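Undergrad: Structure file coords-v5.pdb (PDB, C-alpha atoms and all ligand atoms) right here:
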ATOM      1  CA  MET A 148      38.456   3.385 -28.582  1.00  0.00           C
ATOM      2  CA  ALA A 149      37.354   4.275 -32.114  1.00  0.00           C
ATOM      3  CA  MET A 150      40.145   6.590 -33.139  1.00  0.00           C
ATOM      4  CA  ALA A 151      40.753   5.276 -36.661  1.00  0.00           C
ATOM      5  CA  GLY A 152      38.504   7.739 -38.451  1.00  0.00           C
ATOM      6  CA  PHE A 153      40.283  10.770 -37.137  1.00  0.00           C
ATOM      7  CA  ALA A 154      43.751   9.410 -37.850  1.00  0.00           C
ATOM      8  CA  SER A 155      42.938   8.911 -41.529  1.00  0.00           C
ATOM      9  CA  ALA A 156      41.753  12.511 -41.833  1.00  0.00           C
ATOM     10  CA  VAL A 157      45.252  13.937 -41.326  1.00  0.00           C
ATOM     11  CA  ALA A 158      46.913  12.007 -44.185  1.00  0.00           C
ATOM     12  CA  PRO A 159      49.215  14.311 -46.266  1.00  0.00           C
ATOM     13  CA  MET A 160      47.252  14.087 -49.539  1.00  0.00           C
ATOM     14  CA  PRO A 161      44.140  15.665 -51.014  1.00  0.00           C
ATOM     15  CA  LEU A 162      41.243  14.661 -48.909  1.00  0.00           C
ATOM     16  CA  PRO A 163      37.856  13.473 -50.042  1.00  0.00           C
ATOM     17  CA  THR A 164      34.947  15.599 -48.940  1.00  0.00           C
ATOM     18  CA  GLU A 165      34.008  13.103 -46.286  1.00  0.00           C
ATOM     19  CA  ALA A 166      37.430  13.345 -44.700  1.00  0.00           C
ATOM     20  CA  VAL A 167      37.369  17.141 -44.699  1.00  0.00           C
ATOM     21  CA  ALA A 168      33.968  17.049 -43.075  1.00  0.00           C
ATOM     22  CA  MET A 169      35.386  14.718 -40.499  1.00  0.00           C
ATOM     23  CA  MET A 170      38.283  17.099 -39.802  1.00  0.00           C
ATOM     24  CA  VAL A 171      35.879  19.966 -39.297  1.00  0.00           C
ATOM     25  CA  ALA A 172      33.807  17.785 -37.053  1.00  0.00           C
ATOM     26  CA  GLY A 173      36.944  16.266 -35.537  1.00  0.00           C
ATOM     27  CA  HIS A 174      36.027  17.714 -32.206  1.00  0.00           C
ATOM     28  CA  THR A 175      33.002  15.458 -32.083  1.00  0.00           C
ATOM     29  CA  ALA A 176      34.346  12.519 -34.086  1.00  0.00           C
ATOM     30  CA  THR A 177      36.306  11.097 -31.187  1.00  0.00           C
ATOM     31  CA  PRO A 178      35.302  10.494 -27.591  1.00  0.00           C
ATOM     32  CA  VAL A 179      36.675  12.717 -24.861  1.00  0.00           C
ATOM     33  CA  GLU A 180      39.314  11.180 -22.613  1.00  0.00           C
ATOM     34  CA  VAL A 181      38.107  11.935 -19.112  1.00  0.00           C
ATOM     35  CA  SER A 182      40.860  11.686 -16.505  1.00  0.00           C
ATOM     36  CA  LEU A 183      39.502  10.846 -13.083  1.00  0.00           C
ATOM     37  CA  TYR A 184      40.750  10.650  -9.536  1.00  0.00           C
ATOM     38  CA  ASP A 185      38.692   8.873  -6.911  1.00  0.00           C
ATOM     39  CA  GLU A 186      38.777  10.990  -3.739  1.00  0.00           C
ATOM     40  CA  ASN A 187      37.483   8.099  -1.651  1.00  0.00           C
ATOM     41  CA  GLU A 188      39.908   5.388  -2.632  1.00  0.00           C
ATOM     42  CA  TYR A 189      42.758   7.425  -4.092  1.00  0.00           C
ATOM     43  CA  GLN A 190      42.674   5.722  -7.470  1.00  0.00           C
ATOM     44  CA  VAL A 191      43.174   7.196 -10.897  1.00  0.00           C
ATOM     45  CA  GLY A 192      41.431   6.179 -14.077  1.00  0.00           C
ATOM     46  CA  THR A 193      40.440   7.402 -17.501  1.00  0.00           C
ATOM     47  CA  MET A 194      37.294   6.799 -19.477  1.00  0.00           C
ATOM     48  CA  ALA A 195      36.396   7.617 -23.071  1.00  0.00           C
ATOM     49  CA  VAL A 196      33.019   9.339 -23.181  1.00  0.00           C
ATOM     50  CA  TRP A 197      31.297  10.535 -26.343  1.00  0.00           C
ATOM     51  CA  ARG A 198      29.963  14.050 -26.343  1.00  0.00           C
ATOM     52  CA  ASP A 199      26.379  12.858 -26.078  1.00  0.00           C
ATOM     53  CA  GLY A 200      27.314  10.996 -22.912  1.00  0.00           C
ATOM     54  CA  SER A 201      27.388   7.540 -24.441  1.00  0.00           C
ATOM     55  CA  THR A 202      30.129   5.005 -23.744  1.00  0.00           C
ATOM     56  CA  ASP A 203      31.092   1.658 -25.195  1.00  0.00           C
ATOM     57  CA  GLU A 204      30.247  -1.495 -23.291  1.00  0.00           C
ATOM     58  CA  PRO A 205      33.487  -1.998 -21.301  1.00  0.00           C
ATOM     59  CA  THR A 206      33.549   1.704 -20.430  1.00  0.00           C
ATOM     60  CA  THR A 207      29.935   1.584 -19.306  1.00  0.00           C
ATOM     61  CA  ALA A 208      30.810  -1.159 -16.843  1.00  0.00           C
ATOM     62  CA  GLU A 209      33.779   0.897 -15.639  1.00  0.00           C
ATOM     63  CA  VAL A 210      31.630   4.025 -15.226  1.00  0.00           C
ATOM     64  CA  LYS A 211      29.198   2.059 -13.059  1.00  0.00           C
ATOM     65  CA  ARG A 212      32.007   0.651 -10.960  1.00  0.00           C
ATOM     66  CA  MET A 213      33.885   3.921 -10.474  1.00  0.00           C
ATOM     67  CA  PHE A 214      30.755   5.940  -9.699  1.00  0.00           C
ATOM     68  CA  ARG A 215      29.098   3.319  -7.461  1.00  0.00           C
ATOM     69  CA  CYS A 216      27.491   4.145  -4.141  1.00  0.00           C
ATOM     70  CA  ARG A 217      30.202   4.027  -1.495  1.00  0.00           C
ATOM     71  CA  THR A 218      27.787   3.225   1.320  1.00  0.00           C
ATOM     72  CA  THR A 219      25.857   0.348  -0.260  1.00  0.00           C
ATOM     73  CA  HIS A 220      28.280  -0.565  -3.079  1.00  0.00           C
ATOM     74  CA  ARG A 221      25.309  -0.672  -5.409  1.00  0.00           C
ATOM     75  CA  GLN A 222      25.938   0.329  -9.002  1.00  0.00           C
ATOM     76  CA  LYS A 223      23.854   2.349 -11.427  1.00  0.00           C
ATOM     77  CA  LEU A 224      24.783   3.914 -14.716  1.00  0.00           C
ATOM     78  CA  ILE A 225      24.545   7.644 -14.215  1.00  0.00           C
ATOM     79  CA  ALA A 226      22.402   9.736 -16.549  1.00  0.00           C
ATOM     80  CA  LYS A 227      23.643  10.163 -20.100  1.00  0.00           C
ATOM     81  CA  LYS A 228      23.134  13.933 -19.963  1.00  0.00           C
ATOM     82  CA  THR A 229      25.256  14.111 -16.818  1.00  0.00           C
ATOM     83  CA  LEU A 230      28.000  12.069 -18.481  1.00  0.00           C
ATOM     84  CA  ALA A 231      27.810  14.415 -21.483  1.00  0.00           C
ATOM     85  CA  MET A 232      28.382  17.376 -19.179  1.00  0.00           C
ATOM     86  CA  LEU A 233      31.272  15.593 -17.509  1.00  0.00           C
ATOM     87  CA  ALA A 234      32.858  14.942 -20.906  1.00  0.00           C
ATOM     88  CA  ASP A 235      32.447  18.578 -21.865  1.00  0.00           C
ATOM     89  CA  VAL A 236      33.949  19.784 -18.597  1.00  0.00           C
ATOM     90  CA  ALA A 237      36.908  17.439 -19.132  1.00  0.00           C
ATOM     91  CA  ASP A 238      37.350  18.754 -22.656  1.00  0.00           C
ATOM     92  CA  HIS A 239      37.083  22.354 -21.479  1.00  0.00           C
ATOM     93  CA  TYR A 240      40.013  21.852 -19.093  1.00  0.00           C
ATOM     94  CA  PRO A 241      42.420  19.764 -21.181  1.00  0.00           C
ATOM     95  CA  GLY A 242      45.150  17.930 -19.332  1.00  0.00           C
ATOM     96  CA  LYS A 243      43.349  18.279 -16.015  1.00  0.00           C
ATOM     97  CA  THR A 244      42.074  15.523 -13.760  1.00  0.00           C
ATOM     98  CA  ILE A 245      38.536  15.509 -12.424  1.00  0.00           C
ATOM     99  CA  GLU A 246      38.711  14.620  -8.753  1.00  0.00           C
ATOM    100  CA  TYR A 247      35.316  13.222  -7.879  1.00  0.00           C
ATOM    101  CA  VAL A 248      34.012  13.161  -4.363  1.00  0.00           C
ATOM    102  CA  SER A 249      30.627  11.502  -4.745  1.00  0.00           C
ATOM    103  CA  VAL A 250      28.350  10.329  -7.553  1.00  0.00           C
ATOM    104  CA  TYR A 251      25.721   7.621  -7.045  1.00  0.00           C
ATOM    105  CA  ARG A 252      24.327   7.530  -3.500  1.00  0.00           C
ATOM    106  CA  VAL A 253      21.523   5.305  -2.255  1.00  0.00           C
ATOM    107  CA  GLY A 254      22.369   5.015   1.434  1.00  0.00           C
ATOM    108  CA  GLY A 255      19.689   5.491   4.074  1.00  0.00           C
ATOM    109  CA  ASN A 256      20.690   9.091   4.709  1.00  0.00           C
ATOM    110  CA  GLU A 257      20.133  10.108   1.101  1.00  0.00           C
ATOM    111  CA  SER A 258      16.858  11.956   0.576  1.00  0.00           C
ATOM    112  CA  ALA A 259      14.217  10.445  -1.681  1.00  0.00           C
ATOM    113  CA  THR A 260      14.495  13.366  -4.104  1.00  0.00           C
ATOM    114  CA  SER A 261      18.306  13.510  -4.203  1.00  0.00           C
ATOM    115  CA  PRO A 262      19.742  13.712  -7.721  1.00  0.00           C
ATOM    116  CA  HIS A 263      22.572  11.525  -6.398  1.00  0.00           C
ATOM    117  CA  ARG A 264      20.041   8.814  -5.529  1.00  0.00           C
ATOM    118  CA  ASP A 265      18.680   9.135  -9.056  1.00  0.00           C
ATOM    119  CA  GLY A 266      22.169   8.875 -10.594  1.00  0.00           C
ATOM    120  CA  ARG A 267      22.140  12.362 -12.122  1.00  0.00           C
ATOM    121  CA  ALA A 268      24.716  14.171  -9.974  1.00  0.00           C
ATOM    122  CA  ILE A 269      28.465  14.418  -9.604  1.00  0.00           C
ATOM    123  CA  ASP A 270      30.400  16.211  -6.869  1.00  0.00           C
ATOM    124  CA  PHE A 271      33.904  17.060  -8.002  1.00  0.00           C
ATOM    125  CA  ARG A 272      36.810  19.476  -8.118  1.00  0.00           C
ATOM    126  CA  ILE A 273      39.645  19.984 -10.591  1.00  0.00           C
ATOM    127  CA  ARG A 274      43.115  20.566  -9.213  1.00  0.00           C
ATOM    128  CA  GLY A 275      44.540  23.781 -10.592  1.00  0.00           C
ATOM    129  CA  VAL A 276      41.164  25.258 -11.549  1.00  0.00           C
ATOM    130  CA  ALA A 277      39.268  27.585  -9.229  1.00  0.00           C
ATOM    131  CA  LEU A 278      35.943  26.181  -8.070  1.00  0.00           C
ATOM    132  CA  LYS A 279      34.261  29.434  -9.062  1.00  0.00           C
ATOM    133  CA  GLU A 280      35.546  29.073 -12.600  1.00  0.00           C
ATOM    134  CA  ILE A 281      34.124  25.555 -12.988  1.00  0.00           C
ATOM    135  CA  ARG A 282      30.867  26.601 -11.325  1.00  0.00           C
ATOM    136  CA  ASP A 283      30.366  29.566 -13.650  1.00  0.00           C
ATOM    137  CA  TYR A 284      31.354  27.605 -16.748  1.00  0.00           C
ATOM    138  CA  VAL A 285      28.764  24.898 -16.146  1.00  0.00           C
ATOM    139  CA  TRP A 286      26.052  27.345 -15.148  1.00  0.00           C
ATOM    140  CA  LYS A 287      26.461  29.669 -18.114  1.00  0.00           C
ATOM    141  CA  THR A 288      26.915  26.830 -20.609  1.00  0.00           C
ATOM    142  CA  TYR A 289      24.033  24.490 -19.761  1.00  0.00           C
ATOM    143  CA  ALA A 290      20.306  24.664 -19.238  1.00  0.00           C
ATOM    144  CA  ASN A 291      18.258  22.274 -17.123  1.00  0.00           C
ATOM    145  CA  VAL A 292      21.001  21.801 -14.565  1.00  0.00           C
ATOM    146  CA  GLY A 293      21.547  22.049 -10.860  1.00  0.00           C
ATOM    147  CA  VAL A 294      24.819  23.680  -9.811  1.00  0.00           C
ATOM    148  CA  GLY A 295      25.849  23.777  -6.178  1.00  0.00           C
ATOM    149  CA  TRP A 296      28.940  25.523  -4.845  1.00  0.00           C
ATOM    150  CA  TYR A 297      30.525  24.032  -1.698  1.00  0.00           C
ATOM    151  CA  PRO A 298      33.381  26.411  -0.890  1.00  0.00           C
ATOM    152  CA  SER A 299      34.136  24.905   2.534  1.00  0.00           C
ATOM    153  CA  GLU A 300      34.121  21.322   1.270  1.00  0.00           C
ATOM    154  CA  GLN A 301      35.916  22.414  -1.903  1.00  0.00           C
ATOM    155  CA  PHE A 302      33.725  20.821  -4.540  1.00  0.00           C
ATOM    156  CA  ILE A 303      31.102  21.640  -7.147  1.00  0.00           C
ATOM    157  CA  HIS A 304      27.880  19.674  -7.463  1.00  0.00           C
ATOM    158  CA  ILE A 305      26.382  19.343 -10.929  1.00  0.00           C
ATOM    159  CA  ASP A 306      23.256  17.477 -11.967  1.00  0.00           C
ATOM    160  CA  THR A 307      20.705  17.401 -14.743  1.00  0.00           C
ATOM    161  CA  ARG A 308      17.084  18.228 -13.915  1.00  0.00           C
ATOM    162  CA  PRO A 309      13.961  19.643 -15.597  1.00  0.00           C
ATOM    163  CA  ALA A 310      14.410  23.220 -14.315  1.00  0.00           C
ATOM    164  CA  ASP A 311      17.552  25.186 -13.451  1.00  0.00           C
ATOM    165  CA  MET A 312      18.630  25.540  -9.834  1.00  0.00           C
ATOM    166  CA  THR A 313      21.679  27.010  -8.111  1.00  0.00           C
ATOM    167  CA  TRP A 314      22.813  27.169  -4.538  1.00  0.00           C
ATOM    168  CA  THR A 315      25.736  27.841  -2.262  1.00  0.00           C
ATOM    169  CA  PHE A 316      26.230  25.453   0.631  1.00  0.00           C
ATOM    170  CA  LEU A 317      27.488  27.337   3.672  1.00  0.00           C
ATOM    171  CA  HIS A 318      27.482  26.348   7.347  1.00  0.00           C
ATOM    172  CA  GLY A 319      25.307  23.332   6.688  1.00  0.00           C
ATOM    173  CA  VAL A 320      22.608  25.207   4.785  1.00  0.00           C
ATOM    174  CA  ASN A 321      21.786  25.591   1.093  1.00  0.00           C
ATOM    175  CA  HIS A 322      21.384  29.211   0.022  1.00  0.00           C
ATOM    176  CA  TYR A 323      19.385  29.133  -3.195  1.00  0.00           C
ATOM    177  CA  HIS A 324      19.564  31.565  -6.134  1.00  0.00           C
ATOM    178  CA  PRO A 325      22.950  33.022  -5.120  1.00  0.00           C
ATOM    179  CA  TYR A 326      24.250  36.191  -6.673  1.00  0.00           C
ATOM    180  CA  TRP A 327      27.106  34.411  -8.491  1.00  0.00           C
ATOM    181  CA  ALA A 328      24.532  32.621 -10.611  1.00  0.00           C
ATOM    182  CA  GLU A 329      22.961  35.866 -11.763  1.00  0.00           C
ATOM    183  CA  LEU A 330      26.380  37.350 -12.556  1.00  0.00           C
ATOM    184  CA  ALA A 331      27.615  34.317 -14.494  1.00  0.00           C
ATOM    185  CA  ARG A 332      24.721  34.369 -16.927  1.00  0.00           C
ATOM    186  CA  GLN A 333      25.148  38.091 -17.537  1.00  0.00           C
ATOM    187  CA  GLN A 334      28.586  37.488 -19.005  1.00  0.00           C
ATOM    188  CA  PRO A 335      29.026  37.031 -22.760  1.00  0.00           C
ATOM    189  CA  GLN A 336      28.473  33.442 -23.760  1.00  0.00           C
ATOM    190  CA  THR A 337      31.416  31.283 -24.720  1.00  0.00           C
ATOM    191  CA  VAL A 338      31.577  29.764 -28.178  1.00  0.00           C
ATOM    192  CA  ALA A 339      29.319  26.747 -28.353  1.00  0.00           C
ATOM    193  CA  GLN A 340      31.095  23.458 -28.943  1.00  0.00           C
ATOM    194  CA  VAL A 341      28.500  21.105 -27.631  1.00  0.00           C
ATOM    195  CA  THR A 342      24.902  21.387 -28.683  1.00  0.00           C
ATOM    196  CA  HIS A 343      23.578  18.759 -26.341  1.00  0.00           C
ATOM    197  CA  GLU A 344      21.539  20.390 -23.590  1.00  0.00           C
ATOM    198  CA  ARG A 345      23.121  23.762 -24.137  1.00  0.00           C
ATOM    199  CA  ARG A 346      21.164  26.770 -23.166  1.00  0.00           C
ATOM    200  CA  PRO A 347      18.940  28.185 -25.914  1.00  0.00           C
ATOM    201  CA  GLY A 348      20.703  30.931 -27.815  1.00  0.00           C
ATOM    202  CA  THR A 349      24.258  29.895 -26.994  1.00  0.00           C
TER     203      THR A 349
HETATM  204 ZN    ZN A 401      26.130  16.596  -4.834  1.00  0.00          ZN
END
Transcribe the structure of this file into structure tokens.
Ligand SMILES: [Zn+2]
TA:
Amino acid sequence: MAMAGFASAVAPMPLPTEAVAMMVAGHTATPVEVSLYDENEYQVGTMAVWRDGSTDEPTTAEVKRMFRCRTTHRQKLIAKKTLAMLADVADHYPGKTIEYVSVYRVGGNESATSPHRDGRAIDFRIRGVALKEIRDYVWKTYANVGVGWYPSEQFIHIDTRPADMTWTFLHGVNHYHPYWAELARQQPQTVAQVTHERRPGT
């Protein structure tokens, strides 16, 4: 991990302009440590993801391995925008572990248009955080996303896509444009920390 730049910025002496700028931008000058728990194989892991969703080479290999299709064991690097959202969610709930249920899926049962098949989607929950809270945070923070709420299965689906979409999955059926989505975007916007793919005006 490239942490050296940030460490030098907190030296107890007058700082050059560049260092001050780095302190101000410190939030973006280091990758986010994303703590993960694999719901399928009961394994923990962490990965350092930059706020634009990029990762260094060893981490990229680890991302592909951890998020591989569990039916076919095929690997695909998931979309950079989706990784950026994951990093932001991790940063928004510091000290919490993202428990992921499903990411890349290319098995025969997966529909041709599935964002999981395309490597753009993550199904997850965070222990100690209400699903509704995560759902509303993602929906009101990002544009060009799909957000699905699965209250019975206890996870949130997020993906990146050209046009916004929301749904609640209940009794085996997707109910699109649910009321929670309308409510969440009526609330005052949170302070923007990430510019990547944020909704216009936030
Ligand atoms: Zn999903």
Undergrad: If I take CA of Arg274 (chain A) and CA of Leu183 (chain A), how far is one from the other in Å, to one decimal?
TA: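 Straight-line distance from CA of Arg274 (chain A) to CA of Leu183 (chain A) works out to 11.1 Å.
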Undergrad: Write out as a Markdown table a residue-level contact list of chain A versus ligand ZN 401 (chain A) with cut-off 12 Å: for each qualifying residue the closest pair of atoms and the distance in Å to one decimal, counting all atoms listed in the file, rows sorted by chain and residue number upward.
TA:
| residue | atom | partner | partner_atom | distance |
| --- | --- | --- | --- | --- |
| A:Tyr247 | CA | A:ZN401 | ZN | 10.2 |
| A:Val248 | CA | A:ZN401 | ZN | 8.6 |
| A:Ser249 | CA | A:ZN401 | ZN | 6.8 |
| A:Val250 | CA | A:ZN401 | ZN | 7.2 |
| A:Tyr251 | CA | A:ZN401 | ZN | 9.3 |
| A:Arg252 | CA | A:ZN401 | ZN | 9.3 |
| A:Glu257 | CA | A:ZN401 | ZN | 10.6 |
| A:Ser258 | CA | A:ZN401 | ZN | 11.7 |
| A:Ser261 | CA | A:ZN401 | ZN | 8.4 |
| A:Pro262 | CA | A:ZN401 | ZN | 7.6 |
| A:His263 | CA | A:ZN401 | ZN | 6.4 |
| A:Arg264 | CA | A:ZN401 | ZN | 9.9 |
| A:Asp265 | CA | A:ZN401 | ZN | 11.4 |
| A:Gly266 | CA | A:ZN401 | ZN | 10.4 |
| A:Arg267 | CA | A:ZN401 | ZN | 9.3 |
| A:Ala268 | CA | A:ZN401 | ZN | 5.9 |
| A:Ile269 | CA | A:ZN401 | ZN | 5.7 |
| A:Asp270 | CA | A:ZN401 | ZN | 4.7 |
| A:Phe271 | CA | A:ZN401 | ZN | 8.4 |
| A:Arg272 | CA | A:ZN401 | ZN | 11.5 |
| A:Gly293 | CA | A:ZN401 | ZN | 9.3 |
| A:Val294 | CA | A:ZN401 | ZN | 8.8 |
| A:Gly295 | CA | A:ZN401 | ZN | 7.3 |
| A:Trp296 | CA | A:ZN401 | ZN | 9.4 |
| A:Tyr297 | CA | A:ZN401 | ZN | 9.2 |
| A:Glu300 | CA | A:ZN401 | ZN | 11.1 |
| A:Gln301 | CA | A:ZN401 | ZN | 11.8 |
| A:Phe302 | CA | A:ZN401 | ZN | 8.7 |
| A:Ile303 | CA | A:ZN401 | ZN | 7.5 |
| A:His304 | CA | A:ZN401 | ZN | 4.4 |
| A:Ile305 | CA | A:ZN401 | ZN | 6.7 |
| A:Asp306 | CA | A:ZN401 | ZN | 7.7 |
| A:Thr307 | CA | A:ZN401 | ZN | 11.3 |
| A:Thr313 | CA | A:ZN401 | ZN | 11.8 |
| A:Trp314 | CA | A:ZN401 | ZN | 11.1 |
| A:Thr315 | CA | A:ZN401 | ZN | 11.5 |
| A:Phe316 | CA | A:ZN401 | ZN | 10.4 |
| A:Asn321 | CA | A:ZN401 | ZN | 11.6 |
Undergrad: Residues as selected, C-alpha atoms, written as an mmCIF file, keeping the file's coordinate frame, can you do that?
TA:
data_model
loop_
_atom_site.group_PDB
_atom_site.id
_atom_site.type_symbol
_atom_site.label_atom_id
_atom_site.label_comp_id
_atom_site.auth_asym_id
_atom_site.auth_seq_id
_atom_site.Cartn_x
_atom_site.Cartn_y
_atom_site.Cartn_z
ATOM 1 C CA TYR A 247 35.316 13.222 -7.879
ATOM 2 C CA VAL A 248 34.012 13.161 -4.363
ATOM 3 C CA SER A 249 30.627 11.502 -4.745
ATOM 4 C CA VAL A 250 28.350 10.329 -7.553
ATOM 5 C CA TYR A 251 25.721 7.621 -7.045
ATOM 6 C CA ARG A 252 24.327 7.530 -3.500
ATOM 7 C CA GLU A 257 20.133 10.108 1.101
ATOM 8 C CA SER A 258 16.858 11.956 0.576
ATOM 9 C CA SER A 261 18.306 13.510 -4.203
ATOM 10 C CA PRO A 262 19.742 13.712 -7.721
ATOM 11 C CA HIS A 263 22.572 11.525 -6.398
ATOM 12 C CA ARG A 264 20.041 8.814 -5.529
ATOM 13 C CA ASP A 265 18.680 9.135 -9.056
ATOM 14 C CA GLY A 266 22.169 8.875 -10.594
ATOM 15 C CA ARG A 267 22.140 12.362 -12.122
ATOM 16 C CA ALA A 268 24.716 14.171 -9.974
ATOM 17 C CA ILE A 269 28.465 14.418 -9.604
ATOM 18 C CA ASP A 270 30.400 16.211 -6.869
ATOM 19 C CA PHE A 271 33.904 17.060 -8.002
ATOM 20 C CA ARG A 272 36.810 19.476 -8.118
ATOM 21 C CA GLY A 293 21.547 22.049 -10.860
ATOM 22 C CA VAL A 294 24.819 23.680 -9.811
ATOM 23 C CA GLY A 295 25.849 23.777 -6.178
ATOM 24 C CA TRP A 296 28.940 25.523 -4.845
ATOM 25 C CA TYR A 297 30.525 24.032 -1.698
ATOM 26 C CA GLU A 300 34.121 21.322 1.270
ATOM 27 C CA GLN A 301 35.916 22.414 -1.903
ATOM 28 C CA PHE A 302 33.725 20.821 -4.540
ATOM 29 C CA ILE A 303 31.102 21.640 -7.147
ATOM 30 C CA HIS A 304 27.880 19.674 -7.463
ATOM 31 C CA ILE A 305 26.382 19.343 -10.929
ATOM 32 C CA ASP A 306 23.256 17.477 -11.967
ATOM 33 C CA THR A 307 20.705 17.401 -14.743
ATOM 34 C CA THR A 313 21.679 27.010 -8.111
ATOM 35 C CA TRP A 314 22.813 27.169 -4.538
ATOM 36 C CA THR A 315 25.736 27.841 -2.262
ATOM 37 C CA PHE A 316 26.230 25.453 0.631
ATOM 38 C CA ASN A 321 21.786 25.591 1.093
#
Undergrad: Can you work out the spacing between CA of Ile273 (chain A) and CA of Glu180 (chain A) in Å, to one decimal?
TA: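 Value for the CA of Ile273 (chain A)-CA of Glu180 (chain A) distance: 14.9 Å.
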Undergrad: What are the closest atom pairs, with distances in Å to one decimal, for all residues of region 186-267 of chain A lying within 12 Å of region 277-283 of chain A? Consider all atoms listed in the file, order rows by chain and residue number, and present the result as JSON lines.
TA:
{"residue": "A:Met232", "atom": "CA", "partner": "A:Ile281", "partner_atom": "CA", "distance": 11.8}
{"residue": "A:Leu233", "atom": "CA", "partner": "A:Ile281", "partner_atom": "CA", "distance": 11.3}
{"residue": "A:Asp235", "atom": "CA", "partner": "A:Ile281", "partner_atom": "CA", "distance": 11.4}
{"residue": "A:Val236", "atom": "CA", "partner": "A:Ile281", "partner_atom": "CA", "distance": 8.0}
{"residue": "A:Ala237", "atom": "CA", "partner": "A:Ile281", "partner_atom": "CA", "distance": 10.6}
{"residue": "A:His239", "atom": "CA", "partner": "A:Ile281", "partner_atom": "CA", "distance": 9.5}
{"residue": "A:Tyr240", "atom": "CA", "partner": "A:Ile281", "partner_atom": "CA", "distance": 9.3}
{"residue": "A:Ile245", "atom": "CA", "partner": "A:Ile281", "partner_atom": "CA", "distance": 11.0}
{"residue": "A:Glu246", "atom": "CA", "partner": "A:Leu278", "partner_atom": "CA", "distance": 11.9}
Undergrad: Report, in Å to a single decimal, how far apart CA of His324 (chain A) and CA of Ser299 (chain A) are.
TA: 18.2 Å
Undergrad: Please enumerate the residues selected by the PyMOL selection byres (((chain A and resi 192) around 12) and not hetatm) when evaluated against the supplied file, formatted as a list of chain:residue names.
TA: A:Glu180, A:Val181, A:Ser182, A:Leu183, A:Tyr184, A:Asp185, A:Glu186, A:Glu188, A:Tyr189, A:Gln190, A:Val191, A:Thr193, A:Met194, A:Ala195, A:Thr206, A:Glu209, A:Val210, A:Arg212, A:Met213, A:Phe214, A:Thr244, A:Ile245, A:Glu246, A:Tyr247
Undergrad: Looking at only C-alpha atoms, which of A:Arg217, A:Pro178, A:Val253, A:Gly275 is the one that sits closest to Ala234 (chain A)?
TA: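 Among the listed residues, A:Pro178 lies closest to Ala234 (chain A).
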Undergrad: Might you spell out which residues the PyMOL selection byres (((chain A and resi 223) around 6) and not hetatm) would select in the displayed file, as a list of chain:residue names?
TA: A:Lys211, A:Gln222, A:Leu224
Undergrad: Determine the nearest neighbour of Thr177 (chain A) from the options A:Ala208, A:Arg215, A:Asp238, A:Val285, counting only C-alpha atoms.
TA: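 Of A:Ala208, A:Arg215, A:Asp238, A:Val285, the one nearest Thr177 (chain A) is A:Asp238, counting only C-alpha atoms.
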Undergrad: From the options A:Gln334, A:Val292, A:Ala226, A:Trp286, which residue's atoms come nearest to Pro309 (chain A), counting only C-alpha atoms?
TA: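 Checking each of A:Gln334, A:Val292, A:Ala226, A:Trp286 against Pro309 (chain A), counting only C-alpha atoms, the winner is A:Val292.
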Undergrad: Go through the shown structure with the PyMOL selection byres (((chain A and resi 331) around 9) and not hetatm) and write out the matching residues as a PyMOL selection string.
TA: chain A and resi 282-284+286-287+326-330+332-335
Undergrad: Quick one: everything within 8 Å of Gly200 (chain A), counting all atoms listed in the file, minus sequence neighbours fewer than 6 positions away in the same chain. Send it as a VMD selection string.
TA: chain A and resid 227 to 232 234
Undergrad: Check the smallest atom-to-atom distance from each of A:His322, A:Val196, A:Gly254, A:Glu204 to Arg221 (chain A) using all atoms listed in the file, then report the winner.
TA: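 Selected residue with least distance to Arg221 (chain A): A:Gly254.
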Undergrad: Identify which of the residues A:Gly319, A:Gly255, A:Pro205, A:Pro298 lies closest to Thr218 (chain A), counting all atoms listed in the file when measuring atom-to-atom distances.
TA: A:Gly255
